[in-house]
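Notes follow the structure.
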Amino acid sequence: MRYATLITGPAGAGKSTLCASLITHAQTVGRRVHLVNLDPAAERFEYAPAVDIRELVALEDVMEELEFGPNGGLIYCFEYLLNNLDWLEDELGAYEDDYLIIDCPGQIELYTHVPLLPRLADFLQARLGFRLSAAYLIESQFMQDKPKFFAGVLSALSCMLALGIGMICVMSKMDLVKEKGRVRREVGRYLDPDPTLLLEDVNSRTNPKFHALNQAMVSLIEDQNLVSFLPLDVTSEDSVNTILSHIDNMMQYGEDEEPKVPKDMDEGDFADE
């Protein structure tokens, strides 16, 4: 069985850091995992990608040759990838029983305005037979600005509905948050989003004619009730393990595998004398 998880979220949310942390933890417990880079603007990696979109098309080349801006260039790169999926199929062909962690770019346009990532997700599942999941990250600093936080909640909800696959939401960079007393209680209202946070803060600062719009967004979040966040502290092995465990559960990782005999039981003390 083939497994892959898409690591998504806005730029600067810590997607590449999470990818590296997941790989480090998985390798520590003896699992074979590989990084797939789908960000044509990426420059540095802690682990060398097994598959790299930049070998097919790079954002810098597109911007220079076609005189596109960053967002337009990124969309062009993904459209080019989707027009050359045979390249991706060949690159992924060698990974039959391995676990792939796919680092995605952070532009929300790829999920909403032009559904490029949803098309890629369909290809990975229907054509290549992957069990697929996703993680959507926003960083803990979003909690300092309530309107920005709820914009993040709505973008996570949009991504979840667009991809149509199992997805967890992750509050990254929690090592920057000191959870003590009142702060700990407040953090809980963000991890399991409390829509009244939006009304309390925003209504006091906006023109009354926007209050109905604020209430509509609150009602949308309450009615869907799909978004809640797992806290991520990449300095904590337990925190990274929790994220990986949730991803595994979404894909039912390992349930189809045959039990493996530990190496120390192969022959050894149990060999026939």
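Letters A, B, ... mark the chains of the structure tokens in the order given; residue numbers begin at 1 per chain; ligand numbers begin at 1, in order shown.
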Listing only residues of stretch 141-179 of chain A within 12 Å of stretch 101-108 of chain A, what is the closest atom pair and its distance in Å (to one decimal) for each, using only C-alpha atoms, sorted by chain and residue number ascending, as a tab-separated table?
```
residue	atom	partner	partner_atom	distance
A:Ala151	CA	A:Ile108	CA	11.7
A:Gly152	CA	A:Ile108	CA	10.6
A:Leu154	CA	A:Ile108	CA	11.2
A:Ser155	CA	A:Ile108	CA	7.6
A:Ala156	CA	A:Ile108	CA	9.6
A:Leu157	CA	A:Ile108	CA	11.7
A:Ser158	CA	A:Ile108	CA	9.2
A:Cys159	CA	A:Ile108	CA	8.1
A:Met160	CA	A:Ile108	CA	11.9
A:Ala162	CA	A:Ile108	CA	11.1
```
Based on DSSP run over this structure's backbone, return all residues of stretch 32-239 of chain A in strand (DSSP E or B), as a tab-separated table (two decimals) with C-alpha atoms, in the first residue's frame.
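Listed below is the output, states31.tsv:
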```
chain	number	residue	atom	x	y	z
A	33	VAL	CA	9.77	7.96	4.75
A	34	HIS	CA	10.69	10.27	1.88
A	35	LEU	CA	10.25	13.97	1.22
A	36	VAL	CA	8.50	15.16	-1.95
A	37	ASN	CA	8.92	18.85	-2.72
A	51	VAL	CA	11.18	13.95	-5.76
A	52	ASP	CA	11.57	17.65	-6.53
A	99	TYR	CA	5.56	6.74	3.15
A	100	LEU	CA	5.75	10.09	1.36
A	101	ILE	CA	5.58	13.49	3.03
A	102	ILE	CA	4.67	16.11	0.41
A	103	ASP	CA	5.73	19.69	1.11
A	130	PHE	CA	-2.13	6.37	-2.76
A	131	ARG	CA	-3.91	6.55	0.54
A	132	LEU	CA	-3.84	10.28	1.00
A	133	SER	CA	-4.25	12.70	3.90
A	134	ALA	CA	-3.39	16.33	4.60
A	135	ALA	CA	-2.30	18.64	7.39
A	136	TYR	CA	-3.08	22.37	7.31
A	137	LEU	CA	-0.85	24.62	9.43
A	138	ILE	CA	-1.32	28.09	10.80
A	139	GLU	CA	1.19	29.58	13.21
A	166	GLY	CA	-8.92	13.43	5.61
A	167	MET	CA	-7.21	16.51	7.04
A	168	ILE	CA	-5.97	17.67	10.42
A	169	CYS	CA	-5.40	21.30	11.36
A	170	VAL	CA	-2.22	22.16	13.23
A	171	MET	CA	-1.31	25.20	15.32
A	172	SER	CA	2.43	25.43	14.72
A	229	PHE	CA	-6.24	22.51	15.95
A	230	LEU	CA	-3.59	20.17	17.30
A	231	PRO	CA	-0.78	22.10	19.01
```
Original post:
From the list A:Asn249, A:Arg31, A:Met217, A:Thr5, which residue is nearest A:Asp97 when using only C-alpha atoms?
Top reply: A:Arg31
Original post:
Nearest to A:Glu55 among A:Leu81, A:Ala121, A:Gly12, A:Asp238, with distances taken over only C-alpha atoms: which residue is it?
Top reply: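 Looking at the shortest contact to A:Glu55, the residue is A:Leu81.
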Contacts of A:Pro118 at 7 Å (only C-alpha atoms; same-chain gap of 4+ positions) as a PDB file with N, CA, C and O atoms, in the first residue's frame:
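Output saved as part.pdb:
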```pdb
ATOM      1  N   TYR A 111      -5.755  26.237  -3.789  1.00  0.00           N
ATOM      2  CA  TYR A 111      -6.848  25.436  -3.236  1.00  0.00           C
ATOM      3  C   TYR A 111      -8.206  26.000  -3.633  1.00  0.00           C
ATOM      4  O   TYR A 111      -9.189  25.261  -3.726  1.00  0.00           O
ATOM      5  N   ASP A 122      -6.641  14.139  -6.473  1.00  0.00           N
ATOM      6  CA  ASP A 122      -7.429  13.126  -7.188  1.00  0.00           C
ATOM      7  C   ASP A 122      -6.518  12.208  -7.999  1.00  0.00           C
ATOM      8  O   ASP A 122      -6.734  10.993  -8.050  1.00  0.00           O
ATOM      9  N   ALA A 162     -12.161  21.695  -0.192  1.00  0.00           N
ATOM     10  CA  ALA A 162     -11.684  21.615  -1.574  1.00  0.00           C
ATOM     11  C   ALA A 162     -10.945  20.306  -1.833  1.00  0.00           C
ATOM     12  O   ALA A 162     -11.132  19.672  -2.884  1.00  0.00           O
ATOM     13  N   LEU A 163     -10.085  19.885  -0.900  1.00  0.00           N
ATOM     14  CA  LEU A 163      -9.305  18.671  -1.107  1.00  0.00           C
ATOM     15  C   LEU A 163     -10.166  17.416  -1.018  1.00  0.00           C
ATOM     16  O   LEU A 163      -9.932  16.436  -1.720  1.00  0.00           O
TER      17      LEU A 163
END
```
Original post:
Skipping near chain neighbours, those fewer than 2 positions away, what residues fall within 12 Å of A:Asp233 using only C-alpha atoms, listed as a list in words?
Top reply: Gly14, Thr17, Leu18, Ser21, Leu22, Glu139, Ser140, Val170, Met171, Ser172, Lys173, Met174, Asp175, Leu176, Val177, Lys178, Leu230, Pro231, Thr235, Ser236, Glu237, Asp238, Ser239, Val240, Asn241, Thr242 and Ile243 of chain A
Save out the residues we just selected, N, CA and C atoms, as an mmCIF file, in the first residue's frame.
```
data_model
loop_
_atom_site.group_PDB
_atom_site.id
_atom_site.type_symbol
_atom_site.label_atom_id
_atom_site.label_comp_id
_atom_site.auth_asym_id
_atom_site.auth_seq_id
_atom_site.Cartn_x
_atom_site.Cartn_y
_atom_site.Cartn_z
ATOM 1 N N GLY A 14 5.501 27.115 8.832
ATOM 2 C CA GLY A 14 6.365 26.072 9.369
ATOM 3 C C GLY A 14 6.183 24.723 8.704
ATOM 4 N N THR A 17 9.520 22.874 8.211
ATOM 5 C CA THR A 17 10.019 22.448 9.518
ATOM 6 C C THR A 17 9.268 21.217 10.008
ATOM 7 N N LEU A 18 7.939 21.202 9.818
ATOM 8 C CA LEU A 18 7.157 20.031 10.206
ATOM 9 C C LEU A 18 7.571 18.818 9.378
ATOM 10 N N SER A 21 10.702 17.469 10.795
ATOM 11 C CA SER A 21 10.486 16.861 12.111
ATOM 12 C C SER A 21 9.803 15.506 11.992
ATOM 13 N N LEU A 22 8.841 15.398 11.084
ATOM 14 C CA LEU A 22 8.163 14.119 10.873
ATOM 15 C C LEU A 22 9.129 13.067 10.341
ATOM 16 N N GLU A 139 0.248 29.393 12.113
ATOM 17 C CA GLU A 139 1.191 29.576 13.208
ATOM 18 C C GLU A 139 0.522 30.222 14.417
ATOM 19 N N SER A 140 1.104 29.989 15.578
ATOM 20 C CA SER A 140 0.510 30.440 16.839
ATOM 21 C C SER A 140 0.392 31.956 16.922
ATOM 22 N N VAL A 170 -3.323 22.113 12.274
ATOM 23 C CA VAL A 170 -2.221 22.160 13.226
ATOM 24 C C VAL A 170 -1.891 23.608 13.561
ATOM 25 N N MET A 171 -1.779 23.897 14.860
ATOM 26 C CA MET A 171 -1.307 25.203 15.324
ATOM 27 C C MET A 171 0.190 25.075 15.579
ATOM 28 N N SER A 172 0.986 25.607 14.643
ATOM 29 C CA SER A 172 2.430 25.429 14.718
ATOM 30 C C SER A 172 3.081 26.482 15.608
ATOM 31 N N LYS A 173 4.356 26.271 15.882
ATOM 32 C CA LYS A 173 5.197 27.189 16.663
ATOM 33 C C LYS A 173 4.655 27.422 18.078
ATOM 34 N N MET A 174 4.091 26.370 18.664
ATOM 35 C CA MET A 174 3.566 26.490 20.024
ATOM 36 C C MET A 174 4.675 26.591 21.059
ATOM 37 N N ASP A 175 5.912 26.326 20.646
ATOM 38 C CA ASP A 175 7.030 26.516 21.566
ATOM 39 C C ASP A 175 7.230 28.003 21.885
ATOM 40 N N LEU A 176 6.609 28.880 21.096
ATOM 41 C CA LEU A 176 6.702 30.318 21.353
ATOM 42 C C LEU A 176 5.632 30.805 22.318
ATOM 43 N N VAL A 177 4.707 29.908 22.662
ATOM 44 C CA VAL A 177 3.590 30.273 23.546
ATOM 45 C C VAL A 177 3.850 29.704 24.939
ATOM 46 N N LYS A 178 3.831 30.533 25.928
ATOM 47 C CA LYS A 178 4.003 30.094 27.312
ATOM 48 C C LYS A 178 2.629 29.845 27.919
ATOM 49 N N LEU A 230 -4.525 20.888 16.440
ATOM 50 C CA LEU A 230 -3.589 20.168 17.297
ATOM 51 C C LEU A 230 -2.384 21.064 17.524
ATOM 52 N N PRO A 231 -1.958 21.260 18.764
ATOM 53 C CA PRO A 231 -0.782 22.099 19.010
ATOM 54 C C PRO A 231 0.491 21.376 18.599
ATOM 55 N N THR A 235 10.035 21.170 19.090
ATOM 56 C CA THR A 235 11.114 20.830 20.022
ATOM 57 C C THR A 235 10.725 19.670 20.925
ATOM 58 N N SER A 236 9.458 19.239 20.853
ATOM 59 C CA SER A 236 8.968 18.145 21.686
ATOM 60 C C SER A 236 8.712 16.913 20.826
ATOM 61 N N GLU A 237 9.399 15.827 21.134
ATOM 62 C CA GLU A 237 9.200 14.589 20.376
ATOM 63 C C GLU A 237 7.785 14.062 20.551
ATOM 64 N N ASP A 238 7.214 14.237 21.745
ATOM 65 C CA ASP A 238 5.841 13.779 21.983
ATOM 66 C C ASP A 238 4.851 14.539 21.111
ATOM 67 N N SER A 239 5.083 15.831 20.943
ATOM 68 C CA SER A 239 4.193 16.642 20.116
ATOM 69 C C SER A 239 4.244 16.195 18.660
ATOM 70 N N VAL A 240 5.444 15.967 18.150
ATOM 71 C CA VAL A 240 5.595 15.508 16.765
ATOM 72 C C VAL A 240 4.981 14.122 16.603
ATOM 73 N N ASN A 241 5.159 13.263 17.588
ATOM 74 C CA ASN A 241 4.581 11.921 17.537
ATOM 75 C C ASN A 241 3.060 11.975 17.497
ATOM 76 N N THR A 242 2.474 12.910 18.233
ATOM 77 C CA THR A 242 1.018 13.057 18.229
ATOM 78 C C THR A 242 0.519 13.430 16.837
ATOM 79 N N ILE A 243 1.202 14.365 16.181
ATOM 80 C CA ILE A 243 0.808 14.760 14.822
ATOM 81 C C ILE A 243 0.914 13.570 13.875
#
```
Original post:
Can you tell me, as a list in words, what residues are no more than 12 Å from A:Asp145 when counting only C-alpha atoms, ignoring any on the same chain fewer than 3 positions away?
Top reply: Glu139, Ser140, Gln141, Phe142, Lys148, Phe149, Phe150, Ala151, Gly152, Tyr190, Leu197, Leu198, Asp201 and Val202 of chain A
**OP:** Write out as number ranges by chain the residues lying within 12 Å of A:Leu199, counting only C-alpha atoms and excluding same-chain residues fewer than 3 positions away.
**Re:** A: 146-147, 150, 194-196, 202-206, 208, 210-219
Original post:
Counting only C-alpha atoms, what is within 12 Å of A:Leu88, bar same-chain residues fewer than 2 positions away, as an MDAnalysis selection string?
Top reply: chainID A and resid 36:38 50:57 78 80:86 90:95 120 123:124 127:128
Subject >> alpha helix (DSSP H) positions in stretch 43-179 of chain A, given as an MDAnalysis selection string >> reply: chainID A and resid 59:66 70:82 85:92 116:122 146:163
